[in-house]
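Peer 1: Below are the structure tokens for one structure; questions will follow.
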Amino acid sequence: MHHYRDLLKVKQTEFGLAPGRLLVAVPYFNDAFFNRSLVLLTDYDKENCAGLIVNHQLQYPVHELVDELQVEDKMYLGGPVLPSALFLLHNFESCTASSKIVPNIYVGYDKVLLALIEHRAIATLKYKFLMGYSGWSPGQLEDEIAKNMWVIANPTPDLVFNTPPEEMWNKAVRTLGPEYAHWLNVPKYINLN
């Protein structure tokens, strides 16, 4: 029988912080914004630490929030910083205006890529539009990891682009291994119990 305190212990993974890592929110911290979130780190160095929440889908289609874009897909909320800034995650390596995060996941866009998306020109093109991003001041994310608010994982294009948003956190937790499986039984809103 697991001791209750043992279940609340958080085992950190062996991965270090770096661009391209995935932050998996630990379910015992009930931050309203980051509850069950997955954050893809896009920048990580001494001055900058930023990422995009990849599993917080909004109810609004892209074209309702960005007039210039005729895209029916739902917008995602990338984070609380600069909520009017538009970000695009995609798997289109030929876009010169974007940076590679990990193989087959790029961030950034140009007019050509937006036109390809609007015209559904490439069947294999996967993408996600996000408003806002998540940022940490120097040392802040390390502190949150030391407090076991996040564990570090590696993203896959399949997780980011092909998994329904409501299933993404569970899927990411399952990839962490069996010692994290009990997280899947933690109620989503702990303080309501």
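Each chain in the structure tokens gets a letter, A, B and so on, in the order shown; residues start at 1 in every chain, and ligands are counted from 1 in the order they appear.
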Running DSSP on the backbone, which parts of segment 9-187 of chain A land in helix (DSSP H, G or I), as a VMD selection string?
Peer 2: chain A and resid 62 to 65 111 to 118 140 to 146 157 to 162 165 to 176 178 to 185
Peer 1: Once you have the residues from the selection above, write them out as a PDB file, in the first residue's frame, restricted to C-alpha atoms.
Peer 2:
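Done, and the output landed in out16.pdb:
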```pdb
ATOM      1  CA  VAL A  62      -8.327  31.727 -35.322  1.00  0.00           C
ATOM      2  CA  HIS A  63     -10.204  34.004 -37.762  1.00  0.00           C
ATOM      3  CA  GLU A  64     -12.341  35.452 -34.946  1.00  0.00           C
ATOM      4  CA  LEU A  65      -9.246  36.589 -33.052  1.00  0.00           C
ATOM      5  CA  LYS A 111       3.254  35.274 -45.310  1.00  0.00           C
ATOM      6  CA  VAL A 112       3.987  32.241 -47.494  1.00  0.00           C
ATOM      7  CA  LEU A 113       3.379  29.783 -44.675  1.00  0.00           C
ATOM      8  CA  LEU A 114       0.181  31.578 -43.631  1.00  0.00           C
ATOM      9  CA  ALA A 115      -1.078  31.410 -47.230  1.00  0.00           C
ATOM     10  CA  LEU A 116      -0.278  27.679 -47.424  1.00  0.00           C
ATOM     11  CA  ILE A 117      -2.282  27.138 -44.227  1.00  0.00           C
ATOM     12  CA  GLU A 118      -5.218  29.282 -45.366  1.00  0.00           C
ATOM     13  CA  GLN A 140      12.288  31.453 -11.635  1.00  0.00           C
ATOM     14  CA  LEU A 141      11.692  28.260 -13.616  1.00  0.00           C
ATOM     15  CA  GLU A 142      14.566  26.474 -11.846  1.00  0.00           C
ATOM     16  CA  ASP A 143      12.914  27.485  -8.570  1.00  0.00           C
ATOM     17  CA  GLU A 144       9.531  26.133  -9.705  1.00  0.00           C
ATOM     18  CA  ILE A 145      11.151  22.836 -10.715  1.00  0.00           C
ATOM     19  CA  ALA A 146      12.935  22.654  -7.343  1.00  0.00           C
ATOM     20  CA  PRO A 157       5.284  16.079 -33.079  1.00  0.00           C
ATOM     21  CA  ASP A 158       2.597  13.434 -32.565  1.00  0.00           C
ATOM     22  CA  LEU A 159       1.820  14.763 -29.082  1.00  0.00           C
ATOM     23  CA  VAL A 160       1.909  18.424 -30.135  1.00  0.00           C
ATOM     24  CA  PHE A 161       0.012  18.200 -33.421  1.00  0.00           C
ATOM     25  CA  ASN A 162      -2.044  14.989 -33.502  1.00  0.00           C
ATOM     26  CA  PRO A 165      -5.878  18.948 -26.379  1.00  0.00           C
ATOM     27  CA  GLU A 166      -7.917  17.352 -23.596  1.00  0.00           C
ATOM     28  CA  GLU A 167      -5.858  14.139 -23.901  1.00  0.00           C
ATOM     29  CA  MET A 168      -2.401  15.704 -24.215  1.00  0.00           C
ATOM     30  CA  TRP A 169      -1.487  16.036 -20.539  1.00  0.00           C
ATOM     31  CA  ASN A 170      -2.514  12.429 -19.774  1.00  0.00           C
ATOM     32  CA  LYS A 171      -0.569  11.185 -22.790  1.00  0.00           C
ATOM     33  CA  ALA A 172       2.539  13.133 -21.734  1.00  0.00           C
ATOM     34  CA  VAL A 173       2.284  11.771 -18.177  1.00  0.00           C
ATOM     35  CA  ARG A 174       2.026   8.214 -19.521  1.00  0.00           C
ATOM     36  CA  THR A 175       5.254   8.705 -21.495  1.00  0.00           C
ATOM     37  CA  LEU A 176       7.043   9.701 -18.269  1.00  0.00           C
ATOM     38  CA  PRO A 178       4.881   3.969 -14.536  1.00  0.00           C
ATOM     39  CA  GLU A 179       6.082   5.891 -11.474  1.00  0.00           C
ATOM     40  CA  TYR A 180       3.952   8.842 -12.639  1.00  0.00           C
ATOM     41  CA  ALA A 181       0.810   6.843 -13.451  1.00  0.00           C
ATOM     42  CA  HIS A 182      -0.919   7.776 -10.159  1.00  0.00           C
ATOM     43  CA  TRP A 183      -1.017  11.410 -11.372  1.00  0.00           C
ATOM     44  CA  LEU A 184      -3.741  10.350 -13.792  1.00  0.00           C
ATOM     45  CA  ASN A 185      -6.018   9.676 -10.805  1.00  0.00           C
TER      46      ASN A 185
END
```
Peer 1: One decimal, in Å: what's the spacing between atom CA of Phe29 of chain A and atom CA of Gly78 of chain A?
Peer 2: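 Between atom CA of Phe29 of chain A and atom CA of Gly78 of chain A the gap is 19.0 Å.
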Peer 1: Pick out the closest residue to Gln57 of chain A from this set: A:Ala32, A:Ala18, A:Leu77, A:Leu88. Count only C-alpha atoms.
Peer 2: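 Closest to Gln57 of chain A of all the choices is A:Leu77.
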Peer 1: Find the residues around segment 91-105 of chain A up to 7 Å (only C-alpha atoms counted), leave out those fewer than 5 positions away in its own chain, and share them as an MDAnalysis selection string.
Peer 2: chainID A and resid 19:20 42 110 113 125:127 157
Peer 1: Can I get the selected residues back with C-alpha atoms, as a PDB file, in the first residue's frame?
Peer 2:
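File written: part-v8.pdb
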```pdb
ATOM      1  CA  PRO A  19      14.987  24.775 -25.666  1.00  0.00           C
ATOM      2  CA  GLY A  20      12.844  21.964 -27.036  1.00  0.00           C
ATOM      3  CA  THR A  42      11.201  27.759 -27.093  1.00  0.00           C
ATOM      4  CA  ASP A 110       5.935  34.249 -42.785  1.00  0.00           C
ATOM      5  CA  LEU A 113       3.379  29.783 -44.675  1.00  0.00           C
ATOM      6  CA  LEU A 125       1.302  20.430 -42.897  1.00  0.00           C
ATOM      7  CA  LYS A 126       0.541  20.362 -39.161  1.00  0.00           C
ATOM      8  CA  TYR A 127       0.265  23.560 -37.143  1.00  0.00           C
ATOM      9  CA  PRO A 157       5.284  16.079 -33.079  1.00  0.00           C
TER      10      PRO A 157
END
```
Peer 1: As a PyMOL selection string, please: every residue in segment 24-135 of chain A that DSSP puts in strand (DSSP E or B).
Peer 2: chain A and resi 24-25+38-44+49-53+57-61+74-77+81-90+99-102+105-107+127-135
Peer 1: Please indicate the distance in Å from atom CA of Arg36 of chain A to atom CA of Phe15 of chain A, rounded to one decimal place.
Peer 2: 19.5 Å
Peer 1: Please identify all polymer residues within 8 Å of Val81 of chain A, counting only C-alpha atoms, omitting same-chain residues fewer than 5 positions from it, and present them as a PyMOL selection string.
Peer 2: chain A and resi 132-135
Peer 1: If you keep all heavy atoms, can you produce a file of those selected residues as a PDB file, in the first residue's frame?
Peer 2:
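In the end it all went to result_25.pdb:
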```pdb
ATOM      1  N   GLY A 132      -0.182  34.727 -27.111  1.00  0.00           N
ATOM      2  CA  GLY A 132       0.536  34.885 -25.855  1.00  0.00           C
ATOM      3  C   GLY A 132       1.559  33.785 -25.649  1.00  0.00           C
ATOM      4  O   GLY A 132       1.564  32.773 -26.356  1.00  0.00           O
ATOM      5  N   TYR A 133       2.438  34.008 -24.679  1.00  0.00           N
ATOM      6  CA  TYR A 133       3.443  32.994 -24.353  1.00  0.00           C
ATOM      7  C   TYR A 133       3.670  32.965 -22.846  1.00  0.00           C
ATOM      8  O   TYR A 133       3.116  33.779 -22.107  1.00  0.00           O
ATOM      9  CB  TYR A 133       4.741  33.241 -25.119  1.00  0.00           C
ATOM     10  CG  TYR A 133       5.561  34.428 -24.651  1.00  0.00           C
ATOM     11  CD1 TYR A 133       6.593  34.272 -23.733  1.00  0.00           C
ATOM     12  CD2 TYR A 133       5.299  35.715 -25.138  1.00  0.00           C
ATOM     13  CE1 TYR A 133       7.344  35.358 -23.302  1.00  0.00           C
ATOM     14  CE2 TYR A 133       6.044  36.804 -24.712  1.00  0.00           C
ATOM     15  CZ  TYR A 133       7.064  36.620 -23.793  1.00  0.00           C
ATOM     16  OH  TYR A 133       7.797  37.695 -23.362  1.00  0.00           O
ATOM     17  N   SER A 134       4.447  32.022 -22.405  1.00  0.00           N
ATOM     18  CA  SER A 134       4.777  31.872 -20.990  1.00  0.00           C
ATOM     19  C   SER A 134       6.236  32.261 -20.813  1.00  0.00           C
ATOM     20  O   SER A 134       7.080  31.822 -21.588  1.00  0.00           O
ATOM     21  CB  SER A 134       4.570  30.418 -20.557  1.00  0.00           C
ATOM     22  OG  SER A 134       3.245  30.014 -20.849  1.00  0.00           O
ATOM     23  N   GLY A 135       6.506  33.087 -19.830  1.00  0.00           N
ATOM     24  CA  GLY A 135       7.881  33.523 -19.606  1.00  0.00           C
ATOM     25  C   GLY A 135       8.240  33.469 -18.134  1.00  0.00           C
ATOM     26  O   GLY A 135       7.372  33.567 -17.265  1.00  0.00           O
TER      27      GLY A 135
END
```
Peer 1: Write out as an mmCIF file with C-alpha atoms, in the first residue's frame the residues lying within 7 Å of Ala153 of chain A, counting only C-alpha atoms and excluding same-chain residues fewer than 2 positions away.
Peer 2:
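Written output follows (selection_34.cif):
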```cif
data_model
loop_
_atom_site.group_PDB
_atom_site.id
_atom_site.type_symbol
_atom_site.label_atom_id
_atom_site.label_comp_id
_atom_site.auth_asym_id
_atom_site.auth_seq_id
_atom_site.Cartn_x
_atom_site.Cartn_y
_atom_site.Cartn_z
ATOM 1 C CA PHE A 15 16.355 15.757 -18.523
ATOM 2 C CA ARG A 21 12.018 20.409 -23.669
ATOM 3 C CA LEU A 22 8.438 19.925 -22.547
ATOM 4 C CA LEU A 23 7.380 21.068 -19.077
ATOM 5 C CA VAL A 24 4.681 18.808 -17.649
ATOM 6 C CA VAL A 151 8.827 17.771 -14.491
ATOM 7 C CA PRO A 155 7.878 16.591 -26.850
#
```
Peer 1: Considering only C-alpha atoms, can you say which of A:Met131, A:Tyr44, A:Gly108, A:Asp31 comes closest to Gly79 of chain A?
Peer 2: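 Of A:Met131, A:Tyr44, A:Gly108, A:Asp31, the one nearest Gly79 of chain A is A:Met131, counting only C-alpha atoms.
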Peer 1: Ranking A:Val26, A:Leu86, A:Val39, A:Val186 by minimum distance to Asp67 of chain A and counting only C-alpha atoms, which one comes first?
Peer 2: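 With only C-alpha atoms as the atom set, the closest residue is A:Leu86.
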Peer 1: Find, counting only C-alpha atoms, the residue in A:Pro27, A:Pro80, A:Pro164, A:Gly16 that gets nearest to Pro187 of chain A.
Peer 2: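 Distance minimum relative to Pro187 of chain A lands on A:Pro27.
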Peer 1: Counting only C-alpha atoms, what is within 9 Å of Tyr76 of chain A, bar same-chain residues fewer than 5 positions away, as a PDB file with N, CA, C and O atoms, in the first residue's frame?
Peer 2:
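The result, stored in part.pdb:
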```pdb
ATOM      1  N   ILE A  53       2.329  27.161 -24.047  1.00  0.00           N
ATOM      2  CA  ILE A  53       1.432  26.096 -23.578  1.00  0.00           C
ATOM      3  C   ILE A  53       0.797  25.485 -24.824  1.00  0.00           C
ATOM      4  O   ILE A  53       0.215  26.200 -25.630  1.00  0.00           O
ATOM      5  N   VAL A  54       0.921  24.188 -24.987  1.00  0.00           N
ATOM      6  CA  VAL A  54       0.457  23.568 -26.233  1.00  0.00           C
ATOM      7  C   VAL A  54      -0.890  22.864 -26.097  1.00  0.00           C
ATOM      8  O   VAL A  54      -1.438  22.385 -27.103  1.00  0.00           O
ATOM      9  N   ASN A  55      -1.460  22.818 -24.886  1.00  0.00           N
ATOM     10  CA  ASN A  55      -2.696  22.046 -24.718  1.00  0.00           C
ATOM     11  C   ASN A  55      -3.863  22.862 -24.168  1.00  0.00           C
ATOM     12  O   ASN A  55      -4.839  22.291 -23.709  1.00  0.00           O
ATOM     13  N   HIS A  56      -3.790  24.192 -24.237  1.00  0.00           N
ATOM     14  CA  HIS A  56      -4.922  25.013 -23.774  1.00  0.00           C
ATOM     15  C   HIS A  56      -5.659  25.606 -24.972  1.00  0.00           C
ATOM     16  O   HIS A  56      -5.374  26.716 -25.413  1.00  0.00           O
ATOM     17  N   GLN A  57      -6.590  24.836 -25.495  1.00  0.00           N
ATOM     18  CA  GLN A  57      -7.344  25.284 -26.658  1.00  0.00           C
ATOM     19  C   GLN A  57      -8.439  26.254 -26.216  1.00  0.00           C
ATOM     20  O   GLN A  57      -9.123  26.020 -25.226  1.00  0.00           O
ATOM     21  N   LEU A  58      -8.585  27.336 -26.977  1.00  0.00           N
ATOM     22  CA  LEU A  58      -9.665  28.284 -26.724  1.00  0.00           C
ATOM     23  C   LEU A  58     -10.905  27.867 -27.514  1.00  0.00           C
ATOM     24  O   LEU A  58     -10.823  27.047 -28.425  1.00  0.00           O
ATOM     25  N   GLN A  59     -12.032  28.474 -27.183  1.00  0.00           N
ATOM     26  CA  GLN A  59     -13.280  28.137 -27.885  1.00  0.00           C
ATOM     27  C   GLN A  59     -13.404  28.881 -29.207  1.00  0.00           C
ATOM     28  O   GLN A  59     -14.316  28.644 -29.971  1.00  0.00           O
ATOM     29  N   TYR A  60     -12.476  29.807 -29.466  1.00  0.00           N
ATOM     30  CA  TYR A  60     -12.611  30.670 -30.637  1.00  0.00           C
ATOM     31  C   TYR A  60     -11.756  30.189 -31.795  1.00  0.00           C
ATOM     32  O   TYR A  60     -10.598  29.834 -31.608  1.00  0.00           O
ATOM     33  N   VAL A  62      -9.390  30.759 -35.063  1.00  0.00           N
ATOM     34  CA  VAL A  62      -8.327  31.727 -35.322  1.00  0.00           C
ATOM     35  C   VAL A  62      -8.875  32.989 -35.992  1.00  0.00           C
ATOM     36  O   VAL A  62      -8.562  34.109 -35.592  1.00  0.00           O
ATOM     37  N   LYS A 128      -0.322  24.823 -35.210  1.00  0.00           N
ATOM     38  CA  LYS A 128      -1.131  25.272 -34.089  1.00  0.00           C
ATOM     39  C   LYS A 128      -0.890  26.765 -33.930  1.00  0.00           C
ATOM     40  O   LYS A 128       0.266  27.192 -33.803  1.00  0.00           O
ATOM     41  N   PHE A 129      -1.950  27.567 -33.955  1.00  0.00           N
ATOM     42  CA  PHE A 129      -1.837  28.998 -33.687  1.00  0.00           C
ATOM     43  C   PHE A 129      -2.048  29.234 -32.194  1.00  0.00           C
ATOM     44  O   PHE A 129      -2.945  28.650 -31.591  1.00  0.00           O
ATOM     45  N   LEU A 130      -1.212  30.110 -31.625  1.00  0.00           N
ATOM     46  CA  LEU A 130      -1.297  30.401 -30.193  1.00  0.00           C
ATOM     47  C   LEU A 130      -1.223  31.906 -29.979  1.00  0.00           C
ATOM     48  O   LEU A 130      -0.504  32.614 -30.682  1.00  0.00           O
ATOM     49  N   MET A 131      -1.955  32.386 -28.962  1.00  0.00           N
ATOM     50  CA  MET A 131      -1.877  33.785 -28.560  1.00  0.00           C
ATOM     51  C   MET A 131      -1.159  33.839 -27.215  1.00  0.00           C
ATOM     52  O   MET A 131      -1.491  33.083 -26.304  1.00  0.00           O
ATOM     53  N   GLY A 132      -0.182  34.727 -27.111  1.00  0.00           N
ATOM     54  CA  GLY A 132       0.536  34.885 -25.855  1.00  0.00           C
ATOM     55  C   GLY A 132       1.559  33.785 -25.649  1.00  0.00           C
ATOM     56  O   GLY A 132       1.564  32.773 -26.356  1.00  0.00           O
TER      57      GLY A 132
END
```
Peer 1: Measure the distance from atom CA of Cys49 of chain A to atom CA of Pro138 of chain A in Å and round it to one decimal.
Peer 2: 7.2 Å
